[in-house]
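**Student:** Structure supplied as input_6.cif; contents: mmCIF, C-alpha atoms.
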data_run
#
loop_
_atom_site.label_atom_id
_atom_site.label_comp_id
_atom_site.auth_asym_id
_atom_site.auth_seq_id
_atom_site.Cartn_x
_atom_site.Cartn_y
_atom_site.Cartn_z
CA MET A 132 -18.90 2.04 -25.02
CA VAL A 133 -17.36 -0.95 -23.25
CA LYS A 134 -14.54 -2.50 -25.25
CA PRO A 135 -12.36 -5.52 -24.49
CA THR A 136 -8.73 -4.70 -23.83
CA ARG A 137 -6.43 -4.95 -26.88
CA VAL A 138 -3.29 -5.14 -24.76
CA THR A 139 -1.61 -8.53 -24.97
CA ASN A 140 1.29 -9.76 -22.85
CA ARG A 141 4.01 -12.40 -22.57
CA ILE A 142 4.01 -12.63 -18.78
CA ARG A 143 3.36 -16.37 -18.74
CA ALA A 144 6.27 -17.07 -21.10
CA LEU A 145 8.54 -14.69 -19.15
CA ARG A 146 7.65 -16.35 -15.85
CA PHE A 147 8.63 -19.76 -17.19
CA ALA A 148 11.83 -18.31 -18.61
CA HIS A 149 12.68 -16.96 -15.13
CA ASP A 150 13.05 -20.23 -13.22
CA GLU A 151 9.35 -21.01 -13.57
CA MET A 152 8.39 -18.12 -11.34
CA THR A 153 4.91 -18.67 -9.90
CA GLN A 154 2.06 -16.18 -10.19
CA ALA A 155 2.16 -15.81 -6.40
CA GLU A 156 5.88 -14.91 -6.50
CA LEU A 157 5.33 -12.31 -9.22
CA ALA A 158 2.34 -10.92 -7.31
CA GLU A 159 4.44 -10.58 -4.16
CA ARG A 160 7.28 -8.85 -6.06
CA ILE A 161 4.93 -6.15 -7.41
CA SER A 162 2.68 -5.98 -4.29
CA VAL A 163 -0.59 -7.05 -5.90
CA THR A 164 -2.90 -10.01 -5.35
CA ARG A 165 -2.34 -13.29 -7.22
CA GLN A 166 -5.79 -12.78 -8.76
CA THR A 167 -4.59 -9.54 -10.34
CA VAL A 168 -1.61 -11.30 -11.93
CA ILE A 169 -3.96 -14.00 -13.24
CA ALA A 170 -6.33 -11.36 -14.66
CA ILE A 171 -3.43 -9.55 -16.38
CA GLU A 172 -2.03 -12.79 -17.85
CA GLN A 173 -5.45 -13.75 -19.19
CA GLY A 174 -5.96 -10.30 -20.73
CA ARG A 175 -8.89 -9.53 -18.44
CA TYR A 176 -7.19 -6.51 -16.88
CA SER A 177 -4.90 -3.84 -18.29
CA PRO A 178 -2.51 -2.74 -15.54
CA SER A 179 -1.54 0.86 -14.91
CA LEU A 180 1.62 2.13 -16.58
CA GLU A 181 3.38 2.02 -13.20
CA MET A 182 2.43 -1.63 -12.60
CA ALA A 183 3.45 -2.49 -16.17
CA PHE A 184 6.91 -1.01 -15.55
CA GLN A 185 7.18 -2.91 -12.25
CA ILE A 186 6.45 -6.18 -14.07
CA ALA A 187 9.02 -5.36 -16.76
CA HIS A 188 11.59 -4.56 -14.04
CA VAL A 189 10.97 -7.94 -12.37
CA PHE A 190 11.84 -9.68 -15.64
CA LYS A 191 14.61 -7.14 -16.43
CA VAL A 192 13.26 -6.52 -19.93
CA PRO A 193 11.92 -3.42 -21.73
CA LEU A 194 8.20 -2.74 -21.37
CA ASP A 195 7.36 -3.72 -24.95
CA GLU A 196 8.79 -7.17 -24.41
CA VAL A 197 6.13 -7.74 -21.79
CA PHE A 198 3.15 -5.86 -23.22
CA GLN A 199 2.11 -5.43 -26.83
CA TYR A 200 -0.55 -3.27 -28.39
CA PRO A 201 -1.73 -3.97 -31.99
CA ASP A 202 -0.84 -1.32 -34.54
CA SER A 203 -4.10 0.29 -35.73
CA GLN A 204 -2.72 0.42 -39.31
CA GLU A 205 -2.13 -3.34 -39.28
CA GLU A 206 -5.71 -3.90 -38.18
CA THR A 207 -7.20 -1.90 -41.04
CA LYS A 208 -5.19 -3.80 -43.70
CA MET B 287 -10.96 -14.95 -4.40
CA THR B 288 -9.54 -11.67 -3.10
CA LEU B 289 -10.62 -10.12 0.18
CA GLU B 290 -12.49 -7.37 -1.69
CA GLU B 291 -14.40 -9.89 -3.82
CA LYS B 292 -15.42 -11.76 -0.66
CA ARG B 293 -16.59 -8.43 0.82
CA ALA B 294 -18.69 -7.72 -2.29
CA TRP B 295 -20.35 -11.15 -1.97
CA ILE B 296 -21.00 -10.62 1.77
CA ARG B 297 -22.53 -7.16 1.24
CA LEU B 298 -24.68 -8.44 -1.63
CA ILE B 299 -26.07 -11.36 0.36
CA VAL B 300 -26.58 -9.31 3.54
CA SER B 301 -28.41 -6.54 1.61
CA VAL B 302 -30.81 -9.02 0.02
CA ALA B 303 -31.37 -10.90 3.30
CA ALA B 304 -31.94 -7.74 5.36
CA TYR B 305 -34.42 -6.27 2.90
CA GLY B 306 -36.15 -9.63 2.52
CA ALA B 307 -36.57 -9.87 6.30
CA TYR B 308 -37.84 -6.27 6.49
CA ALA B 309 -40.35 -6.83 3.66
CA PHE B 310 -41.55 -10.06 5.30
CA VAL B 311 -42.08 -8.37 8.69
CA VAL B 312 -43.95 -5.39 7.22
CA LEU B 313 -46.10 -7.41 4.81
CA SER B 314 -46.99 -9.95 7.51
CA GLN B 315 -48.49 -7.11 9.63
CA THR B 316 -50.74 -5.86 6.87
CA GLY B 317 -53.94 -7.74 7.75
CA ASP B 318 -56.94 -5.61 6.77
CA HIS B 319 -55.05 -2.31 7.10
CA PRO B 320 -53.84 -0.29 4.13
CA LEU B 321 -50.08 -0.86 3.66
CA ALA B 322 -49.24 2.76 4.51
CA GLU B 323 -50.73 2.33 7.99
CA VAL B 324 -48.54 -0.63 8.93
CA PRO B 325 -45.92 0.21 11.62
CA TYR B 326 -42.65 0.05 9.71
CA ALA B 327 -40.15 2.33 11.46
CA ALA B 328 -38.82 -0.18 14.02
CA ALA B 329 -38.49 -2.95 11.42
CA LEU B 330 -36.70 -0.59 9.04
CA LEU B 331 -34.23 0.63 11.68
CA TRP B 332 -33.59 -2.91 12.94
CA SER B 333 -33.10 -4.11 9.37
CA VAL B 334 -30.52 -1.39 8.59
CA GLY B 335 -28.73 -1.84 11.92
CA ALA B 336 -28.67 -5.63 11.66
CA ALA B 337 -27.34 -5.43 8.09
CA ILE B 338 -24.44 -3.20 9.16
CA LEU B 339 -23.65 -5.41 12.16
CA ALA B 340 -23.98 -8.64 10.16
CA THR B 341 -21.61 -7.34 7.47
CA ILE B 342 -18.97 -6.47 10.07
CA VAL B 343 -19.33 -9.78 11.94
CA ILE B 344 -19.32 -11.95 8.78
CA GLU B 345 -16.25 -10.14 7.41
CA ILE B 346 -14.43 -10.76 10.71
CA VAL B 347 -15.49 -14.44 10.77
CA VAL B 348 -14.47 -14.98 7.13
CA GLY B 349 -11.11 -13.37 7.89
CA ALA B 350 -10.64 -15.54 10.98
CA LEU B 351 -11.51 -18.72 9.06
CA ASN B 352 -8.84 -17.96 6.44
CA PRO B 353 -5.94 -16.51 8.46
CA ARG B 354 -3.48 -17.13 5.60
CA ALA B 355 -5.60 -15.30 3.03
CA SER B 356 -4.06 -12.11 1.68
CA LEU B 357 -5.37 -8.86 3.15
CA LEU B 358 -3.86 -6.92 0.26
CA LYS B 359 -5.97 -4.40 -1.66
CA ASP B 360 -4.33 -3.46 -4.95
CA GLU B 361 -5.09 -1.05 -7.82
CA ARG B 362 -7.44 -3.54 -9.54
CA ASP B 363 -9.47 -3.87 -6.33
CA ARG B 364 -9.65 -0.08 -6.08
CA GLU B 365 -10.74 0.31 -9.74
CA ILE B 366 -13.41 -2.37 -9.34
CA GLY B 367 -14.55 -0.75 -6.08
CA ARG B 368 -14.90 2.62 -7.82
CA LEU B 369 -16.85 1.06 -10.70
CA GLY B 370 -19.24 -0.71 -8.30
CA ASP B 371 -19.77 2.48 -6.28
CA HIS B 372 -20.40 4.40 -9.50
CA VAL B 373 -23.03 1.86 -10.62
CA GLY B 374 -24.75 1.88 -7.22
CA GLN B 375 -24.64 5.66 -6.78
CA ALA B 376 -27.28 6.21 -9.48
CA PHE B 377 -29.90 4.58 -7.25
CA VAL B 378 -29.02 6.75 -4.26
CA VAL B 379 -29.70 9.82 -6.44
CA ILE B 380 -32.91 8.30 -7.82
CA GLY B 381 -34.06 7.56 -4.25
CA ALA B 382 -33.26 11.08 -3.04
CA VAL B 383 -35.02 12.76 -5.99
CA ALA B 384 -38.03 10.44 -5.68
CA ALA B 385 -38.29 11.14 -1.93
CA MET B 386 -38.05 14.90 -2.55
CA LEU B 387 -40.83 14.82 -5.15
CA MET B 388 -42.99 12.59 -2.94
CA ALA B 389 -42.54 14.99 0.01
CA ILE B 390 -43.48 17.95 -2.21
CA ALA B 391 -46.56 16.03 -3.39
CA ASP B 392 -47.45 15.35 0.27
CA TRP B 393 -47.19 11.55 0.10
CA GLU B 394 -47.44 9.55 3.30
CA ARG B 395 -44.20 9.10 5.27
CA PHE B 396 -44.41 5.31 4.83
CA TRP B 397 -43.90 5.58 1.09
CA ILE B 398 -41.16 8.21 1.35
CA ALA B 399 -39.16 6.15 3.87
CA ASN B 400 -39.65 3.00 1.84
CA VAL B 401 -38.65 4.47 -1.49
CA ILE B 402 -35.43 5.74 0.12
CA TYR B 403 -34.74 2.34 1.70
CA VAL B 404 -35.47 0.35 -1.45
CA CYS B 405 -33.15 2.63 -3.46
CA PHE B 406 -30.36 2.16 -0.88
CA VAL B 407 -30.85 -1.60 -1.14
CA LEU B 408 -30.89 -1.49 -4.96
CA SER B 409 -27.76 0.66 -4.86
CA SER B 410 -26.00 -1.92 -2.71
CA ILE B 411 -27.24 -4.88 -4.75
CA LEU B 412 -26.39 -3.45 -8.16
CA GLY B 413 -23.06 -2.03 -6.99
CA ASN B 414 -21.97 -5.34 -5.52
CA VAL B 415 -23.32 -7.38 -8.48
CA ALA B 416 -21.25 -5.12 -10.76
CA LYS B 417 -18.15 -5.74 -8.61
CA VAL B 418 -18.65 -9.52 -8.58
CA LEU B 419 -19.22 -9.61 -12.36
CA VAL B 420 -16.11 -7.55 -13.05
CA TYR B 421 -14.02 -9.75 -10.72
CA ARG B 422 -15.28 -12.81 -12.64
CA ARG B 423 -14.91 -11.26 -16.13
CA SER B 424 -12.91 -8.17 -16.96
CA LEU B 425 -12.77 -4.50 -16.14
CA PRO B 426 -14.48 -2.64 -19.02
CA GLN B 427 -12.37 -0.24 -21.09
CA TRP B 428 -14.36 2.91 -21.83
#
Kindly transcribe the structure held in the file into structure tokens.

**Tutor:**
Amino acid sequence: MVKPTRVTNRIRALRFAHDEMTQAELAERISVTRQTVIAIEQGRYSPSLEMAFQIAHVFKVPLDEVFQYPDSQEETK
Amino acid sequence: MTLEEKRAWIRLIVSVAAYGAYAFVVLSQTGDHPLAEVPYAAALLWSVGAAILATIVIEIVVGALNPRASLLKDERDREIGRLGDHVGQAFVVIGAVAAMLMAIADWERFWIANVIYVCFVLSSILGNVAKVLVYRRSLPQW
């Protein structure tokens, strides 16, 4: 069954908080295409764990400050 | 648009154009003959060869026209590539099984060759359509 990703992220906010870093600059730092950064920001692509850590390292924050996943218990309330 | 998305578009268009040209050439020779008696082998081989050559040439030209475009292929490109190949692969299997059954049933070579070719083309079309759609939308989570 195809399901939309439930992973959300704060990459856009973090980029602006880091001297208005562009998508192209972030893409270059983690060696991916700008289109991949755009797809991640828009929630159209869930990156691998390794890429997620690379993004968190760029912003020097823990992983869960970049990516969030809804608690299944919260959803059933 | 990433390099890999451009490649998917090129392969999709070339596959459709090559098969369209092949079908036009074969059907235009029909006349009063049954379809299975139409000479098809040269047109089929030229169509496959021209498609391979055209894909290579167009990819080189597109690359030369955008020298600053990124040549990077990242993990998303690889995942989308795998998904497209997976979608297209089903038709390669269908073509092989159909050709095997047709050979066992003693069908004419025309039909066997053509069912294999049409399944290759469908494999390429559906695989590349899947890639383009996923690039435009999102990678499905299974």

**Student:** Just want the 8 Å neighbourhood of segment 154-169 of chain A, counted on all atoms listed in the file, with same-chain residues fewer than 2 positions away dropped. Output as a ChimeraX atom specification.

**Tutor:** /A:146,152,171-173,176,182,185-186,189 /B:287-288,356,358-362

**Student:** Could you take the residues named above and write them with C-alpha atoms, as a JSON list (two decimals), keeping the file's coordinate frame?

**Tutor:**
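The new file selection.json reads:
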[["chain", "number", "residue", "atom", "x", "y", "z"],
["A", 146, "ARG", "CA", 7.65, -16.35, -15.85],
["A", 152, "MET", "CA", 8.39, -18.12, -11.34],
["A", 171, "ILE", "CA", -3.43, -9.55, -16.38],
["A", 172, "GLU", "CA", -2.03, -12.79, -17.85],
["A", 173, "GLN", "CA", -5.45, -13.75, -19.19],
["A", 176, "TYR", "CA", -7.19, -6.51, -16.88],
["A", 182, "MET", "CA", 2.43, -1.63, -12.60],
["A", 185, "GLN", "CA", 7.18, -2.91, -12.25],
["A", 186, "ILE", "CA", 6.45, -6.18, -14.07],
["A", 189, "VAL", "CA", 10.97, -7.94, -12.37],
["B", 287, "MET", "CA", -10.96, -14.95, -4.40],
["B", 288, "THR", "CA", -9.54, -11.67, -3.10],
["B", 356, "SER", "CA", -4.06, -12.11, 1.68],
["B", 358, "LEU", "CA", -3.86, -6.92, 0.26],
["B", 359, "LYS", "CA", -5.97, -4.40, -1.66],
["B", 360, "ASP", "CA", -4.33, -3.46, -4.95],
["B", 361, "GLU", "CA", -5.09, -1.05, -7.82],
["B", 362, "ARG", "CA", -7.44, -3.54, -9.54]]

**Student:** Residues near Ala382 of chain B, anyone? I mean within 12 Å using only C-alpha atoms, not counting same-chain ones fewer than 6 positions away, as JSON, numbers by chain.

**Tutor:** {"B": [375, 376, 388, 389, 398, 399, 400, 401, 402, 403, 404, 405, 406, 409]}

**Student:** Quick check on the file I pasted: which residues fall under the PyMOL selection byres ((chain B and resi 371) around 12)? Write them as JSON, numbers by chain.

**Tutor:** {"B": [294, 364, 365, 366, 367, 368, 369, 370, 372, 373, 374, 375, 376, 377, 378, 406, 408, 409, 410, 411, 412, 413, 414, 415, 416, 417]}

**Student:** Env of Ala170 of chain A: 9 Å cut, atoms = all atoms listed in the file, seq-sep filter 5 positions within chain, self excluded. Answer as a PyMOL selection string.

**Tutor:** (chain A and resi 165+175-177) or (chain B and resi 421+423-424)

**Student:** Please compute the atom CA of Val407 of chain B-atom CA of Gln315 of chain B distance, one decimal, in Å.

**Tutor:**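 A separation of 21.4 Å between them.
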
**Student:** Got a sec: who's within 8 Å of Thr139 of chain A, counting all atoms listed in the file, leaving out chain neighbours fewer than 6 positions off, as a list in words?

**Tutor:** Gly174, Phe198, Gln199 and Tyr200 of chain A

**Student:** Quick one: distance from atom CA of Leu298 of chain B to atom CA of Ala337 of chain B in Å, one decimal?

**Tutor:**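 Atom-to-atom, atom CA of Leu298 of chain B and atom CA of Ala337 of chain B are spaced 10.5 Å apart.
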
**Student:** Mind pulling up the distance from atom CA of Asp392 of chain B to atom CA of Pro325 of chain B?

**Tutor:** 19.0 Å

**Student:** For each of B:Arg354, B:Glu345, B:Trp332, B:Arg293, take the minimum atom-to-atom distance to Ala307 of chain B, counting only C-alpha atoms, then give the residue where this is smallest.

**Tutor:** B:Trp332

**Student:** I want to know what sits within 12 Å of Pro353 of chain B, based on only C-alpha atoms, with residues of the same chain fewer than 6 positions away left out; could you give that as a list in words?

**Tutor:**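 Those residues are Leu289, Ile346 and Val347 of chain B.
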
**Student:** For this structure, which residues satisfy the selection - the PyMOL selection byres ((chain B and resi 300) around 10) - when it is evaluated on the file as given? I want them as a ChimeraX atom specification.

**Tutor:** /B:294-299,301-306,336-341,344,407,410-411

**Student:** Using only C-alpha atoms, which of the listed residues (B:Leu387, B:Ala350, B:Leu425, B:Val420) sits closest to chain A?

**Tutor:**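 Closest to chain A, using only C-alpha atoms: B:Leu425.
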
**Student:** Of the candidates B:Val343, B:Leu357, B:Ala385, B:Leu419, which one gets nearest to chain A if we count all atoms listed in the file?

**Tutor:**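 Closest to chain A, using all atoms listed in the file: B:Leu357.
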
**Student:** Let me have the centre and edge lengths of the axis-aligned box enclosing all listed atoms of segment 158-172 of chain A with 4 Å padding on every side, in Å to one decimal, as JSON.

**Tutor:**
{"center_x": 0.5, "center_y": -10.0, "center_z": -11.0, "size_x": 21.6, "size_y": 16.0, "size_z": 21.7}
